[in-house]
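Scroll down for the structure; my scribbles are underneath it.
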Amino acid sequence: MDESVIISNVFHHVAWGTTIAVYFWLVGASAGSFVVSSFGWVFGIKRYKPLALSASVTAIILLLLVPILLIWDLGKPLRFIYLILPSYWHATGPMSWGTVLIMTYPIAMIVYSYFVIKNNELWAKIIGILSIVLALSTHWYTGVVMELNPGRFLNHTALAPLLFLTGAFISGIGLLVLILWVRNMIVSAARRIEWSLIYEMAQYMMYGLVFDAFLLFLEFMQSIYGSQNEVMGHEEVLLGVFRFPYLWMEIVFGLIVPFVILVSPLKRTRFGVIVASILVAVGVYGMRIWWVMGGQYLQTFY
Amino acid sequence: MREARRSYGLQTPGTRGMPGAKRYGMVIDLRKCIGCNSCMVACKAEFGVPMGVWRTWVKAADKGTYPNTKRIFMPRMCNHCDYPVCVRNCPTQATYKHKDGFVLQRYNRCIGCRTCMVACPYNARHLIPAKRTGKNLPTQVVDKCTLCVHRVKKGLVPACVQACVGGARIFGDLNDPNSEVAQLAARETLMVLKPELGTSPSVSYIGGDWEIMDEPHSYTNRTARLREEFNTFKRNHDGDAFGDIVEGESTMAEVGKNFVGFLRSIPHKAKEVFDAYVNLYLR
């Protein structure tokens with residue numbers, strides 16, 4: 001059978017681009033940092049208590065950048081207020097849920113940080129639990145906002161929130177390690193975070209990497225045994241146009257290389273842990289790129 | 001066949017076959033389409049659609065090898081789905097499903113977040129560019145085909161239907177058994193785009209060729225010129241907030257260039273916001 005060749009068509013843009021990818025990355029890193037922050041005060045692992053404040057402040061700063069990016073990306077930035085007006089709020093839109101989460105999550109974190117500073121065990125734990133639910137929900141929503149589009153077959157997978165949360169966990173730890181490294185260089189010797197603790201965090205990151213690899217493998221299986229759209233999405237878009245962010249940034253330099261570093265003797269060296277952290281943080285950014293743009297890419301020709 | 005009801009939010013329940021309810025739709029008879037693009041022109045003229053975006057467009061493909069060749073066309077537009085994904089995903093109730101079958105957009109509520117563009121499986125929505133010739137025309141909000149609701153309510157047919165020289169586009173109430181569309185629907189085999197998504201489109205095709213209606217096929221089987229034009233199209237929009245990866249150049253440089261483009265868009269956007277503020281409050 002002779003195949004037809006498309007000779008004329010109009011072109012369409014990818015509706016969400018780099019801005020949204022950066023936003024997904026920042027909000028993920030924020031959620032991940034906050035999870036680390038809650039180790040000491042919520043889950044009761046005492047040796048993580050000195051980390052809590054640095055981690056939650058990192059999370060708050062990252063999350064304060066987020067609304068700026070989102071409002072920036074709107075066609076009508078001055079109309080962002082419509083998102084929170086009750087007469088405009090649309091309960092079925094995933095973005096409406098996100099608006100509520102993004103507004104409440106930083107407030108909860110600030111209250112939590114206040115109780116951490118005041119050394120109030122009980123309230124830090126109560127608000128900490130609330131904040132961690134909000135942290136996970138905020139990041140869950142970023143997965144869901146692209147997942148609930150049946151037309152975007154690369155994004156339309158129930159694994160989306162899990163992929164996002166795992167990415168958040170590892171990139172959050174990665175970024176936090178870098179921030180603590182810089183902090184340790186600045187502050188006095190007495191207030192430094194011990195490197196043994198940072199090495200331990202890097203091990204948690206390694207477990208996260210294994211889980212992330214597992215999820216990616218599930219996605220891969222689903223794609224290559226899937227419908228024509230899914231197969232095409234994997235072969236032509238992820239391994240074709242988005243080869244660099246998907247294959248190189250995320251899988252090779254974001255998963256395999258840091259994993260090798262973190263299981264080798266380098267895991268007890270500053271150099272190894274810092275390099276692994278940089279690679280993981282950048283690798284998760286690669287995932288955000290193919291996730292946001294890859295799903296929309298194929299359809300721009302339709 | 002019993003249909004799953006998927007009405008959320010501002011979607012009215014689908015009115016297919018419901019007695020007493022209207023369901024305006026279009027049947028496009030591709031056997032009669034000659035590819036003159038007059039529907040595109042009529043639509044552009046009717047609404048002053050800016051350059052670079054389309055409410056309706058015509059795809060064309062060459063089929064077969066010489067001497068047994070054929071050129072096939074497929075006009076595309078918003079499908080005015082009975083279960084529109086765009087409507088349920090809008091965060092500000094800017095788009096809604098009218099009970100007579102139109103999916104409509106309210107500019108005054110739209111914030112330009114483009115969630116509906118991401119949700120639409122048919123590319124039917126676009127963001128109006130920031131610069132337009134008229135001062136009071138809407139900018140930077142999402143727009144789409146309205147099925148010419150302003151003409152239909154006066155008893156006229158949509159502009160594209162009126163302009164169609166071959167009579168390929170037929171408009172009417174699909175629920176009215178006496179209408180031409182309903183009779184065609186009863187007599188002919190109709191095809192819709194992406195039926196597997198369960199959107200239940202109101203625009204259907206007669207004599208469609210699957211090779212032009214299929215999404216993966218449209219991606220793989222393009223001429224080299226079309227590929228190059230698409231890359232040029234995207235390069236021309238470098239610096240906008242829309243990040244695109246240019247095909248065939250998927251390298252670190254491309255990812256970096258997109259990020260730089262994002263940074264470079266910041267002053268442009270600041271000026272747009274400032275201008276909008278001046279227009280709103282200080283004019």
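Just remember, in the structure tokens the first chain shown is A, the second B, etc., residues are 1-based per chain, and ligands are 1-based in the order shown.
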
Can you list, as a list in words, every protein, DNA or RNA residue that comes within 7 Å of Leu127 in chain B when you count only C-alpha atoms, leaving out same-chain residues fewer than 6 positions away?
-> Gln140, Val141, Val142 and Asp143 of chain B

Pull C-alpha atoms from the residues just selected and write them as a compact mmCIF listing (two decimals), in the first residue's frame.
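Output contents, as saved in result.txt:
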```
# COMPACT_ATOMS: atom_id res chain seq x y z
CA GLN B 140 -2.94 37.25 24.88
CA VAL B 141 -6.07 35.27 25.61
CA VAL B 142 -7.03 31.91 24.21
CA ASP B 143 -9.34 31.92 21.24
```

Nearby residues (only C-alpha atoms) at most 12 Å from Leu266 in chain A, same-chain spacing under 4 positions excluded, as a list in words |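 Skipping anything fewer than 4 positions along the chain leaves Tyr199, Ala202, Gln203, Val257, Pro258, Phe259, Val260, Ile261, Leu262, Arg270, Phe271, Gly272, Val273, Ile274, Val275 and Ala276 of chain A.
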
So which bits of range 88-288 of chain A end up helix (DSSP H, G or I) when you DSSP the backbone, as a PyMOL selection string?
-> chain A and resi 94-117+121-147+160-186+189-191+195-224+228-241+243-263+265-268+270-288

Write out, as CSV, each residue of chain A that has an atom at most 6 Å from chain B, together with the closest pair of atoms and their distance in Å to one decimal, counting only C-alpha atoms, rows going by chain and rising number.
```
residue,atom,partner,partner_atom,distance
A:Asp2,CA,B:Gly64,CA,5.0
A:Ser4,CA,B:Lys63,CA,4.1
A:Val5,CA,B:Asn221,CA,5.0
A:Ile6,CA,B:Ala61,CA,4.1
A:Ile7,CA,B:Ala61,CA,5.1
A:Ser8,CA,B:Ala60,CA,5.1
A:Asn9,CA,B:Lys59,CA,4.7
A:Trp16,CA,B:Phe242,CA,6.0
A:Gly17,CA,B:Gly243,CA,3.9
A:Thr18,CA,B:Gly243,CA,4.9
A:Leu74,CA,B:Cys113,CA,4.8
A:Gly75,CA,B:Gly112,CA,4.0
A:Lys76,CA,B:Ile111,CA,5.1
A:Arg79,CA,B:Ile111,CA,5.6
A:Tyr88,CA,B:Thr92,CA,4.8
A:Trp89,CA,B:Thr92,CA,5.3
A:His90,CA,B:Pro91,CA,5.1
A:Thr92,CA,B:Gly9,CA,5.5
A:Gly93,CA,B:Asn89,CA,4.0
A:Met95,CA,B:Pro91,CA,5.6
A:Ser96,CA,B:Pro91,CA,5.0
A:Asn149,CA,B:Ala119,CA,5.1
A:Gly151,CA,B:Pro121,CA,4.7
A:Val241,CA,B:Ser250,CA,5.4
A:Phe242,CA,B:Ser250,CA,5.9
A:Phe244,CA,B:Thr251,CA,5.5
A:Phe301,CA,B:Tyr219,CA,6.0
A:Tyr302,CA,B:Glu215,CA,5.7
```

Write a file of the selected residues as a PDB file, in the first residue's frame, keeping C-alpha atoms.
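Output contents, as saved in selection_2.pdb:
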```pdb
ATOM      1  CA  ASP A   2       1.268   3.428  -0.892  1.00  0.00           C
ATOM      2  CA  SER A   4       0.342   9.317   1.743  1.00  0.00           C
ATOM      3  CA  VAL A   5       2.694  12.231   2.389  1.00  0.00           C
ATOM      4  CA  ILE A   6       1.493  15.361   4.147  1.00  0.00           C
ATOM      5  CA  ILE A   7       2.374  18.268   1.861  1.00  0.00           C
ATOM      6  CA  SER A   8       0.669  21.174   3.579  1.00  0.00           C
ATOM      7  CA  ASN A   9      -0.438  21.907   7.108  1.00  0.00           C
ATOM      8  CA  TRP A  16       3.719  25.203  27.824  1.00  0.00           C
ATOM      9  CA  GLY A  17       7.453  25.636  27.497  1.00  0.00           C
ATOM     10  CA  THR A  18      10.618  26.266  29.454  1.00  0.00           C
ATOM     11  CA  LEU A  74       0.162  33.790  31.909  1.00  0.00           C
ATOM     12  CA  GLY A  75      -1.027  35.602  28.817  1.00  0.00           C
ATOM     13  CA  LYS A  76      -2.666  38.151  31.101  1.00  0.00           C
ATOM     14  CA  ARG A  79      -5.486  38.619  35.818  1.00  0.00           C
ATOM     15  CA  TYR A  88     -14.163  32.407  38.967  1.00  0.00           C
ATOM     16  CA  TRP A  89     -12.933  29.283  40.737  1.00  0.00           C
ATOM     17  CA  HIS A  90     -13.657  26.171  38.725  1.00  0.00           C
ATOM     18  CA  THR A  92     -13.007  20.583  38.126  1.00  0.00           C
ATOM     19  CA  GLY A  93      -9.844  22.221  36.832  1.00  0.00           C
ATOM     20  CA  MET A  95      -5.037  24.114  38.058  1.00  0.00           C
ATOM     21  CA  SER A  96      -7.650  25.343  40.544  1.00  0.00           C
ATOM     22  CA  ASN A 149      -5.298  15.273  29.407  1.00  0.00           C
ATOM     23  CA  GLY A 151      -4.894  13.536  24.327  1.00  0.00           C
ATOM     24  CA  VAL A 241      13.735  15.004  19.272  1.00  0.00           C
ATOM     25  CA  PHE A 242      14.078  14.939  23.057  1.00  0.00           C
ATOM     26  CA  PHE A 244      19.261  14.974  24.981  1.00  0.00           C
ATOM     27  CA  PHE A 301       2.146  18.613  13.574  1.00  0.00           C
ATOM     28  CA  TYR A 302      -1.395  17.272  13.670  1.00  0.00           C
TER      29      TYR A 302
END
```

Which residue out of A:Leu78, A:Ile224, A:Ala189, A:Leu255 has the minimum interatomic distance to Met205 in chain A when only C-alpha atoms are used?
->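 Among the listed residues, A:Leu255 lies closest to Met205 in chain A.
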
Distance of CA of Gly286 in chain A from CA of Glu250 in chain A, expressed in Å to one decimal place =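 A separation of 5.4 Å between them.
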
Near Asn79 in chain B, counting only C-alpha atoms, which residues have an atom at most 7 Å away, once you skip same-chain residues fewer than 5 positions from it, shown as a VMD selection string?
-> chain B and resid 201 to 203

Determine, counting only C-alpha atoms, which protein, DNA and RNA residues have an atom within 9 Å of an atom of Thr189 in chain B; residues of the same chain fewer than 4 positions away are not included. Present the result as a PyMOL selection string.
-> chain B and resi 184-185+205-207

Pick out the residues sitting within 7 Å of Phe80 in chain A, and hand them over as a list in words; count only C-alpha atoms, and ignore anything fewer than 3 positions along from it in its own chain.
->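 Answer for this query is Ile71, Pro77 and Leu83 of chain A; Ile111 of chain B.
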
Would you save the residues of that selection, restricted to N, CA and C atoms, as a PDB file, in the first residue's frame?
```
ATOM      1  N   ILE A  71       2.828  33.302  37.247  1.00  0.00           N
ATOM      2  CA  ILE A  71       2.103  34.509  36.857  1.00  0.00           C
ATOM      3  C   ILE A  71       2.758  35.098  35.607  1.00  0.00           C
ATOM      4  N   PRO A  77      -0.946  38.490  32.821  1.00  0.00           N
ATOM      5  CA  PRO A  77      -0.425  38.323  34.191  1.00  0.00           C
ATOM      6  C   PRO A  77      -1.233  39.085  35.234  1.00  0.00           C
ATOM      7  N   LEU A  83      -7.700  33.519  39.582  1.00  0.00           N
ATOM      8  CA  LEU A  83      -7.543  32.135  40.017  1.00  0.00           C
ATOM      9  C   LEU A  83      -8.058  31.920  41.433  1.00  0.00           C
TER      10      LEU A  83
ATOM     11  N   ILE B 111      -7.354  33.988  31.474  1.00  0.00           N
ATOM     12  CA  ILE B 111      -6.112  34.565  31.979  1.00  0.00           C
ATOM     13  C   ILE B 111      -4.923  34.178  31.102  1.00  0.00           C
TER      14      ILE B 111
END
```

Backbone DSSP call of strand (DSSP E) for range 33-216 of chain B, listed as a PyMOL selection string | chain B and resi 57-63+70-76+95-97+103-105+126-127+142-143+169-173+190-191+203-206

Once you have the residues from the selection above, write them out as a compact mmCIF listing (two decimals), in the first residue's frame, restricted to C-alpha atoms.
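File selection_3.txt, as written:
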```txt
# COMPACT_ATOMS: atom_id res chain seq x y z
CA TRP B 57 -7.30 25.15 8.42
CA VAL B 58 -6.94 22.61 5.63
CA LYS B 59 -4.42 19.82 5.64
CA ALA B 60 -3.34 18.32 2.34
CA ALA B 61 -1.59 15.10 1.45
CA ASP B 62 -0.40 13.36 -1.67
CA LYS B 63 -1.31 9.73 -1.97
CA LYS B 70 -4.50 11.55 -5.63
CA ARG B 71 -4.35 14.67 -3.51
CA ILE B 72 -6.49 14.46 -0.40
CA PHE B 73 -7.62 17.30 1.84
CA MET B 74 -8.94 17.55 5.33
CA PRO B 75 -10.40 20.77 6.74
CA ARG B 76 -9.81 20.99 10.48
CA THR B 95 -14.72 28.31 28.53
CA TYR B 96 -18.03 26.51 28.66
CA LYS B 97 -20.25 24.16 26.74
CA VAL B 103 -17.96 25.23 23.02
CA LEU B 104 -17.37 28.92 23.64
CA GLN B 105 -14.67 31.12 25.12
CA HIS B 126 -4.62 29.23 20.07
CA LEU B 127 -3.29 32.15 22.05
CA VAL B 142 -7.03 31.91 24.21
CA ASP B 143 -9.34 31.92 21.24
CA ARG B 169 -19.17 21.70 4.66
CA ILE B 170 -22.72 21.07 5.79
CA PHE B 171 -23.99 22.67 8.98
CA GLY B 172 -27.10 21.94 10.99
CA ASP B 173 -28.78 20.45 14.01
CA LEU B 190 -19.15 9.17 9.26
CA MET B 191 -15.67 9.36 10.71
CA VAL B 203 -17.73 17.60 13.54
CA SER B 204 -17.60 14.47 11.44
CA TYR B 205 -16.22 13.58 8.04
CA ILE B 206 -17.53 11.63 5.08
```
